[in-house]
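Visitor: Just one file: my_file_11.cif, with mmCIF, C-alpha atoms.
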data_input
#
loop_
_atom_site.label_atom_id
_atom_site.label_comp_id
_atom_site.auth_asym_id
_atom_site.auth_seq_id
_atom_site.Cartn_x
_atom_site.Cartn_y
_atom_site.Cartn_z
CA MET M 1 13.03 14.02 -17.87
CA PRO M 2 11.37 11.58 -15.43
CA SER M 3 12.67 11.30 -11.90
CA LEU M 4 11.92 9.00 -8.99
CA PHE M 5 9.87 11.78 -7.48
CA SER M 6 7.65 12.63 -10.43
CA PRO M 7 4.11 11.19 -10.65
CA PHE M 8 3.24 8.29 -12.91
CA LYS M 9 0.08 6.43 -13.91
CA LEU M 10 -0.10 2.64 -13.79
CA GLY M 11 -3.34 1.77 -15.54
CA ALA M 12 -6.12 3.04 -13.27
CA ILE M 13 -3.69 3.83 -10.42
CA ASP M 14 -2.23 7.33 -10.10
CA CYS M 15 1.12 7.08 -8.33
CA PRO M 16 2.50 10.29 -6.73
CA ASN M 17 6.07 9.12 -7.30
CA ARG M 18 7.92 6.36 -9.13
CA ILE M 19 9.14 4.54 -6.01
CA ALA M 20 7.24 1.32 -5.37
CA MET M 21 7.47 -0.83 -2.28
CA ALA M 22 8.28 -4.35 -3.48
CA PRO M 23 6.48 -7.35 -1.97
CA LEU M 24 8.10 -8.46 1.27
CA THR M 25 7.05 -11.58 3.19
CA ARG M 26 7.15 -10.67 6.88
CA GLY M 27 5.17 -13.43 8.67
CA ARG M 28 2.86 -11.32 10.87
CA ALA M 29 -0.51 -12.94 10.09
CA THR M 30 -2.08 -15.64 12.26
CA ARG M 31 -1.34 -19.33 11.95
CA GLU M 32 -4.61 -19.56 10.01
CA HIS M 33 -3.26 -16.91 7.55
CA VAL M 34 -5.56 -14.11 8.72
CA PRO M 35 -4.06 -10.59 8.63
CA THR M 36 -3.53 -8.88 11.99
CA ASP M 37 -3.79 -5.34 13.33
CA ILE M 38 -0.02 -4.95 13.51
CA MET M 39 0.01 -5.17 9.72
CA ARG M 40 -2.24 -2.11 9.56
CA THR M 41 0.43 -0.03 11.29
CA TYR M 42 3.23 -1.47 9.16
CA TYR M 43 1.66 -0.71 5.80
CA ALA M 44 0.33 2.72 6.82
CA GLN M 45 3.85 3.72 7.90
CA ARG M 46 5.03 3.07 4.33
CA ALA M 47 2.21 4.86 2.50
CA GLY M 48 4.65 7.42 1.09
CA ALA M 49 5.58 4.93 -1.62
CA GLY M 50 4.12 5.70 -5.03
CA LEU M 51 2.65 2.20 -4.85
CA ILE M 52 2.80 -0.50 -2.19
CA ILE M 53 2.81 -4.06 -3.48
CA SER M 54 1.68 -6.21 -0.58
CA GLU M 55 3.54 -9.22 0.68
CA GLY M 56 2.76 -12.47 -1.13
CA THR M 57 -0.84 -13.33 -0.24
CA GLY M 58 -2.14 -16.85 -0.73
CA ILE M 59 -5.01 -17.41 -3.16
CA SER M 60 -5.86 -20.82 -1.70
CA ARG M 61 -4.95 -23.12 1.13
CA THR M 62 -3.24 -25.39 -1.41
CA GLY M 63 -1.06 -22.55 -2.62
CA LEU M 64 0.23 -21.15 0.68
CA GLY M 65 3.08 -22.75 2.57
CA TRP M 66 4.80 -20.00 4.53
CA PRO M 67 4.31 -19.71 8.32
CA HIS M 68 2.11 -16.77 9.32
CA ALA M 69 1.77 -15.44 5.77
CA PRO M 70 -1.63 -13.91 4.94
CA GLY M 71 -4.26 -15.25 2.57
CA ILE M 72 -7.10 -13.75 0.53
CA TRP M 73 -9.32 -16.78 -0.12
CA SER M 74 -11.75 -16.56 2.82
CA GLY M 75 -14.29 -14.02 4.03
CA GLU M 76 -12.45 -13.73 7.34
CA GLN M 77 -9.25 -12.83 5.54
CA VAL M 78 -11.01 -10.24 3.36
CA GLU M 79 -12.53 -8.58 6.42
CA ALA M 80 -9.14 -8.52 8.16
CA TRP M 81 -7.51 -6.85 5.14
CA LYS M 82 -10.09 -4.05 5.00
CA PRO M 83 -8.75 -1.91 7.89
CA ILE M 84 -5.17 -2.42 6.65
CA VAL M 85 -5.98 -1.14 3.18
CA ALA M 86 -8.14 1.66 4.60
CA SER M 87 -5.24 2.84 6.78
CA VAL M 88 -2.96 3.03 3.74
CA HIS M 89 -5.55 5.08 1.87
CA GLU M 90 -6.09 7.36 4.88
CA ALA M 91 -2.34 8.00 4.90
CA GLY M 92 -2.47 8.97 1.23
CA GLY M 93 -1.11 5.74 -0.20
CA ARG M 94 -1.99 3.22 -2.89
CA ILE M 95 -1.71 -0.53 -2.42
CA VAL M 96 -2.17 -3.64 -4.57
CA CYS M 97 -2.38 -7.22 -3.34
CA GLN M 98 0.20 -9.70 -4.61
CA LEU M 99 -1.59 -12.94 -5.50
CA TRP M 100 0.63 -15.88 -4.54
CA HIS M 101 0.57 -19.62 -5.25
CA MET M 102 3.76 -21.35 -4.15
CA GLY M 103 3.24 -24.57 -6.10
CA ARG M 104 5.83 -27.24 -5.26
CA LEU M 105 7.27 -24.99 -2.51
CA VAL M 106 4.36 -25.81 -0.19
CA HIS M 107 5.37 -28.47 2.32
CA PRO M 108 2.81 -31.27 2.98
CA SER M 109 2.62 -30.18 6.63
CA PHE M 110 0.53 -27.21 5.43
CA LEU M 111 -1.74 -29.52 3.43
CA GLY M 112 -2.69 -32.18 5.94
CA GLY M 113 -0.03 -34.48 4.49
CA ALA M 114 -1.12 -34.09 0.85
CA ALA M 115 1.42 -33.55 -1.90
CA PRO M 116 2.02 -30.02 -3.21
CA VAL M 117 1.13 -29.22 -6.81
CA SER M 118 3.20 -27.98 -9.72
CA SER M 119 3.47 -28.04 -13.50
CA SER M 120 5.26 -31.41 -13.27
CA ALA M 121 6.13 -34.11 -10.75
CA THR M 122 9.32 -32.46 -9.53
CA THR M 123 10.88 -31.76 -6.14
CA ALA M 124 12.23 -28.41 -5.02
CA PRO M 125 15.78 -28.30 -3.63
CA TYR M 126 16.76 -27.22 -0.13
CA LYS M 127 14.29 -27.16 2.79
CA ALA M 128 10.93 -25.53 3.45
CA HIS M 129 10.12 -23.14 6.30
CA THR M 130 7.38 -24.84 8.34
CA TYR M 131 5.82 -24.47 11.77
CA GLU M 132 7.87 -27.50 12.79
CA GLY M 133 11.16 -26.04 11.53
CA ARG M 134 13.06 -26.62 8.30
CA GLN M 135 11.94 -29.75 6.40
CA LEU M 136 12.85 -31.28 3.06
CA TYR M 137 10.49 -30.62 0.18
CA THR M 138 8.58 -33.55 -1.32
CA GLU M 139 7.65 -34.43 -4.88
CA ALA M 140 4.81 -32.40 -6.34
CA HIS M 141 1.69 -33.69 -8.02
CA ALA M 142 1.46 -32.53 -11.65
CA LEU M 143 -1.74 -30.54 -12.08
CA THR M 144 -4.29 -32.06 -14.43
CA ALA M 145 -6.09 -29.92 -17.01
CA ASP M 146 -9.15 -29.71 -14.75
CA GLU M 147 -7.00 -28.78 -11.77
CA ILE M 148 -5.29 -26.08 -13.82
CA ALA M 149 -8.70 -24.60 -14.66
CA ALA M 150 -9.66 -24.67 -10.97
CA THR M 151 -6.41 -22.94 -10.03
CA VAL M 152 -7.05 -20.22 -12.60
CA GLU M 153 -10.43 -19.69 -10.94
CA ASP M 154 -8.65 -19.40 -7.57
CA TYR M 155 -6.58 -16.52 -8.96
CA ALA M 156 -9.69 -14.76 -10.26
CA ARG M 157 -11.46 -15.25 -6.93
CA GLY M 158 -8.43 -13.92 -5.08
CA ALA M 159 -8.45 -10.82 -7.30
CA ALA M 160 -12.16 -10.25 -6.66
CA ASN M 161 -11.59 -10.66 -2.93
CA ALA M 162 -8.72 -8.15 -3.05
CA ILE M 163 -10.98 -5.53 -4.63
CA ALA M 164 -13.67 -6.34 -2.06
CA ALA M 165 -11.06 -5.66 0.65
CA GLY M 166 -10.38 -2.24 -0.89
CA PHE M 167 -7.09 -2.86 -2.68
CA ASP M 168 -6.40 -0.63 -5.70
CA GLY M 169 -5.49 -3.67 -7.78
CA VAL M 170 -3.42 -6.83 -7.73
CA GLU M 171 -0.07 -8.15 -8.82
CA ILE M 172 0.16 -11.77 -9.99
CA HIS M 173 3.30 -13.38 -8.56
CA GLY M 174 4.89 -15.07 -11.56
CA ALA M 175 8.46 -14.99 -10.25
CA ASN M 176 10.95 -16.53 -7.83
CA GLY M 177 10.30 -20.19 -8.56
CA TYR M 178 6.64 -20.26 -7.50
CA LEU M 179 3.77 -21.87 -9.41
CA VAL M 180 3.54 -19.57 -12.45
CA ASP M 181 7.34 -19.65 -12.77
CA GLN M 182 7.26 -23.45 -12.49
CA PHE M 183 5.09 -23.50 -15.62
CA LEU M 184 7.16 -20.90 -17.47
CA ARG M 185 10.64 -22.39 -17.25
CA ASP M 186 11.78 -25.60 -18.89
CA GLY M 187 13.89 -26.57 -15.88
CA SER M 188 10.71 -27.34 -13.93
CA ASN M 189 8.10 -27.87 -16.68
CA ALA M 190 8.37 -31.33 -18.28
CA ARG M 191 4.77 -31.52 -19.48
CA GLY M 192 3.88 -33.05 -22.84
CA ASP M 193 0.49 -31.36 -23.25
CA ASP M 194 -0.64 -27.84 -24.20
CA TYR M 195 1.07 -26.40 -21.11
CA GLY M 196 4.56 -27.79 -21.76
CA GLY M 197 7.26 -28.03 -24.38
CA PRO M 198 7.61 -24.99 -26.65
CA VAL M 199 7.53 -21.48 -25.26
CA GLU M 200 4.03 -20.75 -26.58
CA ASN M 201 2.75 -23.65 -24.46
CA ARG M 202 4.73 -22.82 -21.32
CA ILE M 203 3.40 -19.26 -21.23
CA ARG M 204 -0.19 -20.52 -21.57
CA PHE M 205 -0.82 -20.84 -17.82
CA LEU M 206 0.47 -17.30 -17.20
CA GLY M 207 -1.80 -16.04 -19.96
CA GLU M 208 -4.87 -17.85 -18.65
CA VAL M 209 -4.29 -16.62 -15.10
CA THR M 210 -3.71 -13.04 -16.22
CA ARG M 211 -6.74 -12.97 -18.52
CA ALA M 212 -8.96 -14.41 -15.78
CA VAL M 213 -7.78 -11.78 -13.31
CA ALA M 214 -8.05 -8.96 -15.85
CA ASP M 215 -11.56 -10.08 -16.85
CA THR M 216 -12.53 -10.05 -13.15
CA ILE M 217 -11.14 -6.70 -11.97
CA GLY M 218 -9.93 -4.96 -15.14
CA ALA M 219 -6.59 -5.14 -16.92
CA ASP M 220 -5.90 -1.58 -15.75
CA ARG M 221 -5.75 -2.86 -12.15
CA THR M 222 -3.71 -5.99 -12.93
CA GLY M 223 0.08 -6.24 -12.67
CA VAL M 224 2.47 -9.18 -13.03
CA ARG M 225 5.88 -9.91 -11.52
CA LEU M 226 8.50 -12.04 -13.34
CA SER M 227 12.11 -12.98 -12.53
CA PRO M 228 13.77 -13.43 -15.92
CA ASN M 229 17.33 -14.45 -15.21
CA GLY M 230 19.06 -17.22 -13.28
CA ASP M 231 18.07 -20.00 -10.93
CA SER M 232 15.32 -19.21 -8.45
CA GLN M 233 14.59 -21.86 -5.82
CA GLY M 234 15.62 -24.57 -8.27
CA VAL M 235 13.65 -23.16 -11.22
CA ASN M 236 15.62 -22.10 -14.30
CA ASP M 237 15.31 -21.89 -18.07
CA SER M 238 17.70 -22.83 -20.86
CA ASP M 239 16.74 -19.85 -23.06
CA PRO M 240 15.37 -16.89 -21.09
CA PHE M 241 15.89 -14.53 -24.04
CA ASN M 242 13.28 -16.50 -25.97
CA LEU M 243 10.91 -17.24 -23.09
CA PHE M 244 10.51 -13.95 -21.25
CA PRO M 245 10.05 -11.55 -24.18
CA ALA M 246 7.33 -13.91 -25.45
CA ALA M 247 5.68 -13.83 -22.01
CA ALA M 248 5.98 -10.03 -21.92
CA ALA M 249 4.43 -9.66 -25.37
CA LEU M 250 1.49 -11.82 -24.28
CA LEU M 251 0.98 -9.67 -21.18
CA GLY M 252 1.12 -6.58 -23.36
CA GLU M 253 -1.65 -7.98 -25.54
CA ILE M 254 -3.81 -8.45 -22.45
CA GLY M 255 -3.11 -4.82 -21.58
CA ILE M 256 -1.96 -5.15 -17.98
CA ALA M 257 -1.30 -2.05 -15.89
CA PHE M 258 2.36 -2.85 -15.25
CA LEU M 259 5.03 -5.52 -15.40
CA GLU M 260 7.56 -5.79 -12.57
CA LEU M 261 10.86 -7.59 -13.16
CA ARG M 262 13.03 -8.91 -10.39
CA GLU M 263 16.49 -8.81 -11.96
CA PRO M 264 19.48 -7.01 -10.43
CA PRO M 265 21.05 -4.40 -12.71
CA ARG M 266 24.08 -5.86 -14.46
CA ASP M 267 26.26 -3.32 -16.21
CA GLY M 268 29.35 -1.21 -15.69
CA THR M 269 27.84 0.26 -12.53
CA PHE M 270 28.56 -2.96 -10.65
CA GLY M 271 31.39 -4.42 -12.70
CA LYS M 272 31.38 -7.03 -15.44
CA ALA M 273 28.19 -9.04 -15.66
CA GLU M 274 28.28 -12.83 -15.34
CA VAL M 275 25.25 -13.06 -17.66
CA ASP M 276 23.50 -10.56 -19.87
CA PRO M 277 20.32 -9.05 -18.45
CA VAL M 278 17.04 -10.05 -20.05
CA ALA M 279 15.23 -6.86 -19.03
CA PRO M 280 16.18 -4.86 -22.16
CA ALA M 281 14.69 -7.58 -24.40
CA ILE M 282 11.56 -7.60 -22.28
CA ARG M 283 11.36 -3.81 -22.45
CA ALA M 284 11.40 -4.03 -26.24
CA ALA M 285 8.65 -6.68 -26.28
CA PHE M 286 6.30 -5.15 -23.68
CA ASN M 287 4.14 -2.17 -24.57
CA GLY M 288 3.14 -1.14 -21.04
CA PRO M 289 4.74 0.41 -17.94
CA LEU M 290 7.82 -1.47 -16.74
CA MET M 291 8.99 -1.60 -13.13
CA LEU M 292 12.46 -2.91 -12.23
CA ASN M 293 13.47 -4.39 -8.88
CA SER M 294 16.38 -5.85 -6.94
CA ASP M 295 19.45 -4.18 -5.44
CA TYR M 296 18.87 -0.75 -6.96
CA THR M 297 20.72 2.15 -5.38
CA LEU M 298 19.41 5.68 -5.67
CA ALA M 299 21.95 6.50 -8.39
CA ARG M 300 21.23 3.36 -10.40
CA ALA M 301 17.48 3.85 -10.06
CA GLU M 302 17.73 7.42 -11.35
CA LEU M 303 19.85 6.23 -14.27
CA ALA M 304 17.29 3.55 -15.18
CA LEU M 305 14.57 6.18 -15.45
CA GLU M 306 16.72 8.70 -17.30
CA THR M 307 17.78 6.16 -19.94
CA GLY M 308 14.30 4.72 -20.38
CA GLU M 309 15.16 1.29 -18.98
CA ALA M 310 12.18 1.53 -16.65
CA ASP M 311 9.21 3.68 -15.69
CA MET M 312 9.31 2.87 -11.96
CA ILE M 313 11.69 1.19 -9.52
CA SER M 314 10.56 -1.01 -6.65
CA PHE M 315 12.63 -1.21 -3.50
CA GLY M 316 12.29 -4.12 -1.10
CA ARG M 317 14.66 -4.50 1.85
CA PRO M 318 15.31 -0.74 2.25
CA PHE M 319 11.63 -0.31 3.13
CA ILE M 320 11.96 -2.70 6.08
CA SER M 321 13.97 -0.27 8.21
CA ASN M 322 13.11 2.94 6.38
CA PRO M 323 9.33 3.39 6.43
CA ASP M 324 9.87 6.89 5.00
CA LEU M 325 12.15 5.66 2.20
CA PRO M 326 10.92 8.09 -0.51
CA GLN M 327 11.58 11.04 1.78
CA ARG M 328 15.03 9.73 2.66
CA LEU M 329 15.90 9.21 -1.00
CA ALA M 330 14.64 12.68 -1.92
CA GLY M 331 16.74 14.25 0.83
CA ARG M 332 19.80 12.06 0.18
CA ILE M 333 19.53 10.94 3.81
CA ASP M 334 21.48 7.87 4.93
CA LEU M 335 19.37 4.73 5.17
CA ALA M 336 18.92 2.92 8.47
CA PRO M 337 20.10 -0.71 8.66
CA ASP M 338 17.67 -3.52 9.39
CA ASN M 339 18.00 -6.59 11.61
CA GLN M 340 17.69 -9.71 9.44
CA SER M 341 17.06 -11.94 12.46
CA LEU M 342 13.72 -10.13 12.92
CA TRP M 343 12.44 -10.38 9.34
CA TYR M 344 10.05 -13.28 9.90
CA THR M 345 9.06 -13.18 13.56
CA THR M 346 5.49 -12.56 14.64
CA GLU M 347 6.48 -9.63 16.86
CA ALA M 348 6.34 -5.83 16.60
CA GLN M 349 10.09 -5.59 17.10
CA GLY M 350 11.85 -5.30 13.77
CA TYR M 351 8.51 -4.62 12.09
CA ILE M 352 6.83 -1.39 13.17
CA ASP M 353 9.50 0.06 15.48
CA TYR M 354 11.81 1.51 12.80
CA PRO M 355 11.36 5.30 13.11
CA ALA M 356 11.05 7.83 10.34
CA HIS M 357 14.00 10.21 9.96
CA ALA M 358 13.80 13.21 12.29
CA SER M 359 13.39 16.22 10.02
#
Would you put the structure from the file into structure tokens?

Guide:
Amino acid sequence: MPSLFSPFKLGAIDCPNRIAMAPLTRGRATREHVPTDIMRTYYAQRAGAGLIISEGTGISRTGLGWPHAPGIWSGEQVEAWKPIVASVHEAGGRIVCQLWHMGRLVHPSFLGGAAPVSSSATTAPYKAHTYEGRQLYTEAHALTADEIAATVEDYARGAANAIAAGFDGVEIHGANGYLVDQFLRDGSNARGDDYGGPVENRIRFLGEVTRAVADTIGADRTGVRLSPNGDSQGVNDSDPFNLFPAAAALLGEIGIAFLELREPPRDGTFGKAEVDPVAPAIRAAFNGPLMLNSDYTLARAELALETGEADMISFGRPFISNPDLPQRLAGRIDLAPDNQSLWYTTEAQGYIDYPAHAS
């Protein structure tokens, strides 16, 4: 029977345990989106994870709109990632780079005043985090067919750059209301061409991006993250039980190394569910390794593996203040709390100063 602490293979990546570190934006790169030395310490501290999925990493200047988040589109960024990845490997870890395009969630202040891009001319709700404080989002420019093709190339280039930096693979960020998700869901995709309308059209962009990345670095080093249920930054779908299994089946045909789903467990463990989870339908449609994420406790994670709901579990926030999370889980050691006010600063405090448990 599989456990969180048994090894598992994700495509070409041999994971020593089934505990992944979920992507966590922490805002410690430079203003020009170049990784910094403090990030080397942070990731190396967490190398005990079976797999580290890096924080969202921009594939292009157009696609990145988060203060001090890192990128992977320039030579300078690639060189700055190299010692970070090397430190993880020296500590015995494995790490993939999450390829991120934020779409309509990029504020014009990051783009020299230009409009953000998306599947359609829509405006995200709420306010963006910018260097000048919180600001209202603006209407996006709907990508043309040529611009879509160029964006697909940006993903492939980002994947090639990640491998050049030493990463073991990549994860395509297709979740949380960002660009791929904006194409997938009918609440944000109002296109009338081959990328909009019926499900088979709305999953086309995801398929093109994934194939381009897989063709560049190998499907066995390519993962994808989706968020199949509920509103995410103003992006939603009227029929997720039709959309997401179709997307999963397409990814299975491409032969990706793993699929990660961000969907909190909804069953008797946490009381009556408001909505049915989509993950079981995706599990049935996808023929590769499945990783589940969001609000998993140790007990619920173990149950998910035992019942075959998932092959791995990714933990996010617990890794912030517990760099040795796998060891703590294995020893049933209480987890240390984190300080939310320090999540997105540029400082060492609240980033690399959480100690491992004294054994």

Visitor: Each residue of stretch 226-326 of chain M lying at most 10 Å from stretch 52-68 of chain M should get a row with its shortest atom-to-atom pair and the distance in Å to one decimal, counting all atoms listed in the file; could you produce that, ordered by chain and increasing number, as a tab-separated table?

Guide:
residue	atom	partner	partner_atom	distance
M:Ser314	CA	M:Ile53	CA	8.9
M:Phe315	CA	M:Ile52	CA	9.9
M:Gly316	CA	M:Ile53	CA	9.8

Visitor: Which is closest to M:Gly103 among M:Thr130, M:Thr138, M:Gln77, M:Ser238, if we use only C-alpha atoms?

Guide: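 Counting only C-alpha atoms, the residue closest to M:Gly103 is M:Thr138.
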
Visitor: Sort by chain and increasing residue number a table of all residues of stretch 20-96 of chain M within 10 Å of stretch 277-300 of chain M, each with its closest pair of atoms and their distance in Å to one decimal, counting only C-alpha atoms, and write it as JSON lines.

Guide:
{"residue": "M:Ala20", "atom": "CA", "partner": "M:Met291", "partner_atom": "CA", "distance": 8.5}
{"residue": "M:Met21", "atom": "CA", "partner": "M:Asn293", "partner_atom": "CA", "distance": 9.6}
{"residue": "M:Ala22", "atom": "CA", "partner": "M:Asn293", "partner_atom": "CA", "distance": 7.5}

Visitor: Tell me, in Å to one decimal, how far atom CA of M:Gly196 is from atom CA of M:Ala214.

Guide: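 Distance between the two atoms: 23.4 Å.
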
Visitor: Kindly assemble as a tab-separated table a list of the stretch 187-267 of chain M residues that lie within 10 Å of stretch 165-168 of chain M, each paired with its nearest atom pair and their distance in Å to one decimal, using all atoms listed in the file, sorted first by chain and then by ascending residue number.

Guide:
residue	atom	partner	partner_atom	distance
M:Ile217	CA	M:Asp168	CA	9.9
M:Arg221	CA	M:Asp168	CA	6.9
M:Thr222	CA	M:Asp168	CA	9.4

Visitor: In terms of the shortest atom-to-atom distance over all atoms listed in the file, which of M:Leu226, M:Ile352, M:Ala336, M:Ala304 is closest to M:Glu171?

Guide: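 Of the candidates, the smallest distance to M:Glu171 is held by M:Leu226.
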
Visitor: Taking all atoms listed in the file into account, name the residue in M:Pro240, M:Pro245, M:Pro116, M:Gly92 that is nearest to M:Ala142.

Guide: M:Pro116

Visitor: Please identify all polymer residues within 9 Å of M:Leu325, counting all atoms listed in the file, omitting same-chain residues fewer than 3 positions from it, and present them as a PyMOL selection string.

Guide: chain M and resi 19+46+48-49+315+318-319+321-322+328-330+335+356

Visitor: Determine the nearest neighbour of M:Glu147 from the options M:Ala310, M:Val117, M:Ile72, M:Ala159, counting only C-alpha atoms.

Guide: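 So, comparing all the options, the nearest one is M:Val117.
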
Visitor: Which is closest to M:Leu251 among M:Ile163, M:Ile95, M:Leu105, M:Leu206, if we use only C-alpha atoms?

Guide: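 Counting only C-alpha atoms, the residue closest to M:Leu251 is M:Leu206.
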
Visitor: Have a look at atom CA of M:Glu139 and atom CA of M:Ala121 and let me know their distance in Å, one decimal.

Guide: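 Straight-line distance from atom CA of M:Glu139 to atom CA of M:Ala121 works out to 6.1 Å.
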
Visitor: Do you know which residues are at most 12 Å from M:Gly174 counting only C-alpha atoms, after dropping those on the same chain fewer than 5 positions away, and could you put them as a VMD selection string?

Guide: chain M and resid 56 98 to 103 155 179 to 185 203 205 to 207 209 to 210 223 to 228 232 235 244 247 to 248 251 259 to 262

Visitor: For the residues in the current selection, export C-alpha atoms as a PDB file, in the coordinates of the input.

Guide:
ATOM      1  CA  GLY M  56       2.760 -12.470  -1.130  1.00  0.00           C
ATOM      2  CA  GLN M  98       0.200  -9.700  -4.610  1.00  0.00           C
ATOM      3  CA  LEU M  99      -1.590 -12.940  -5.500  1.00  0.00           C
ATOM      4  CA  TRP M 100       0.630 -15.880  -4.540  1.00  0.00           C
ATOM      5  CA  HIS M 101       0.570 -19.620  -5.250  1.00  0.00           C
ATOM      6  CA  MET M 102       3.760 -21.350  -4.150  1.00  0.00           C
ATOM      7  CA  GLY M 103       3.240 -24.570  -6.100  1.00  0.00           C
ATOM      8  CA  TYR M 155      -6.580 -16.520  -8.960  1.00  0.00           C
ATOM      9  CA  LEU M 179       3.770 -21.870  -9.410  1.00  0.00           C
ATOM     10  CA  VAL M 180       3.540 -19.570 -12.450  1.00  0.00           C
ATOM     11  CA  ASP M 181       7.340 -19.650 -12.770  1.00  0.00           C
ATOM     12  CA  GLN M 182       7.260 -23.450 -12.490  1.00  0.00           C
ATOM     13  CA  PHE M 183       5.090 -23.500 -15.620  1.00  0.00           C
ATOM     14  CA  LEU M 184       7.160 -20.900 -17.470  1.00  0.00           C
ATOM     15  CA  ARG M 185      10.640 -22.390 -17.250  1.00  0.00           C
ATOM     16  CA  ILE M 203       3.400 -19.260 -21.230  1.00  0.00           C
ATOM     17  CA  PHE M 205      -0.820 -20.840 -17.820  1.00  0.00           C
ATOM     18  CA  LEU M 206       0.470 -17.300 -17.200  1.00  0.00           C
ATOM     19  CA  GLY M 207      -1.800 -16.040 -19.960  1.00  0.00           C
ATOM     20  CA  VAL M 209      -4.290 -16.620 -15.100  1.00  0.00           C
ATOM     21  CA  THR M 210      -3.710 -13.040 -16.220  1.00  0.00           C
ATOM     22  CA  GLY M 223       0.080  -6.240 -12.670  1.00  0.00           C
ATOM     23  CA  VAL M 224       2.470  -9.180 -13.030  1.00  0.00           C
ATOM     24  CA  ARG M 225       5.880  -9.910 -11.520  1.00  0.00           C
ATOM     25  CA  LEU M 226       8.500 -12.040 -13.340  1.00  0.00           C
ATOM     26  CA  SER M 227      12.110 -12.980 -12.530  1.00  0.00           C
ATOM     27  CA  PRO M 228      13.770 -13.430 -15.920  1.00  0.00           C
ATOM     28  CA  SER M 232      15.320 -19.210  -8.450  1.00  0.00           C
ATOM     29  CA  VAL M 235      13.650 -23.160 -11.220  1.00  0.00           C
ATOM     30  CA  PHE M 244      10.510 -13.950 -21.250  1.00  0.00           C
ATOM     31  CA  ALA M 247       5.680 -13.830 -22.010  1.00  0.00           C
ATOM     32  CA  ALA M 248       5.980 -10.030 -21.920  1.00  0.00           C
ATOM     33  CA  LEU M 251       0.980  -9.670 -21.180  1.00  0.00           C
ATOM     34  CA  LEU M 259       5.030  -5.520 -15.400  1.00  0.00           C
ATOM     35  CA  GLU M 260       7.560  -5.790 -12.570  1.00  0.00           C
ATOM     36  CA  LEU M 261      10.860  -7.590 -13.160  1.00  0.00           C
ATOM     37  CA  ARG M 262      13.030  -8.910 -10.390  1.00  0.00           C
TER      38      ARG M 262
END

Visitor: Taking all atoms listed in the file into account, name the residue in M:Val96, M:Ala124, M:Leu305, M:Leu143 that is nearest to M:Ala12.

Guide: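 Between M:Val96, M:Ala124, M:Leu305, M:Leu143, the residue approaching M:Ala12 most closely is M:Val96.
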
Visitor: Just say which residues the PyMOL selection byres ((chain M and resi 91) around 9) picks in this file, as JSON, numbers by chain.

Guide: {"M": [44, 45, 46, 47, 48, 86, 87, 88, 89, 90, 92, 93]}

Visitor: Using atom CA of M:Gly133 and atom CA of M:Ala175 as the two end points, give the distance in Å to one decimal.

Guide: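 Atom-to-atom, atom CA of M:Gly133 and atom CA of M:Ala175 are spaced 24.6 Å apart.
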
Visitor: Suppose a student applies the PyMOL selection byres ((chain M and resi 120) around 6) to this structure; what residues should they get, written as a PyMOL selection string?

Guide: chain M and resi 118-119+121-122+142+189-190

Visitor: Save out the residues we just selected, C-alpha atoms, as a PDB file, in the coordinates of the input.

Guide:
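Once everything was written out, this is part_1.pdb:
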ATOM      1  CA  SER M 118       3.200 -27.980  -9.720  1.00  0.00           C
ATOM      2  CA  SER M 119       3.470 -28.040 -13.500  1.00  0.00           C
ATOM      3  CA  ALA M 121       6.130 -34.110 -10.750  1.00  0.00           C
ATOM      4  CA  THR M 122       9.320 -32.460  -9.530  1.00  0.00           C
ATOM      5  CA  ALA M 142       1.460 -32.530 -11.650  1.00  0.00           C
ATOM      6  CA  ASN M 189       8.100 -27.870 -16.680  1.00  0.00           C
ATOM      7  CA  ALA M 190       8.370 -31.330 -18.280  1.00  0.00           C
TER       8      ALA M 190
END

Visitor: Expanded to explicit residues, what is the PyMOL selection byres ((chain M and resi 351) around 9) for this file, as a PyMOL selection string?

Guide: chain M and resi 26+28+38-39+42+320-321+342-343+345-350+352-354
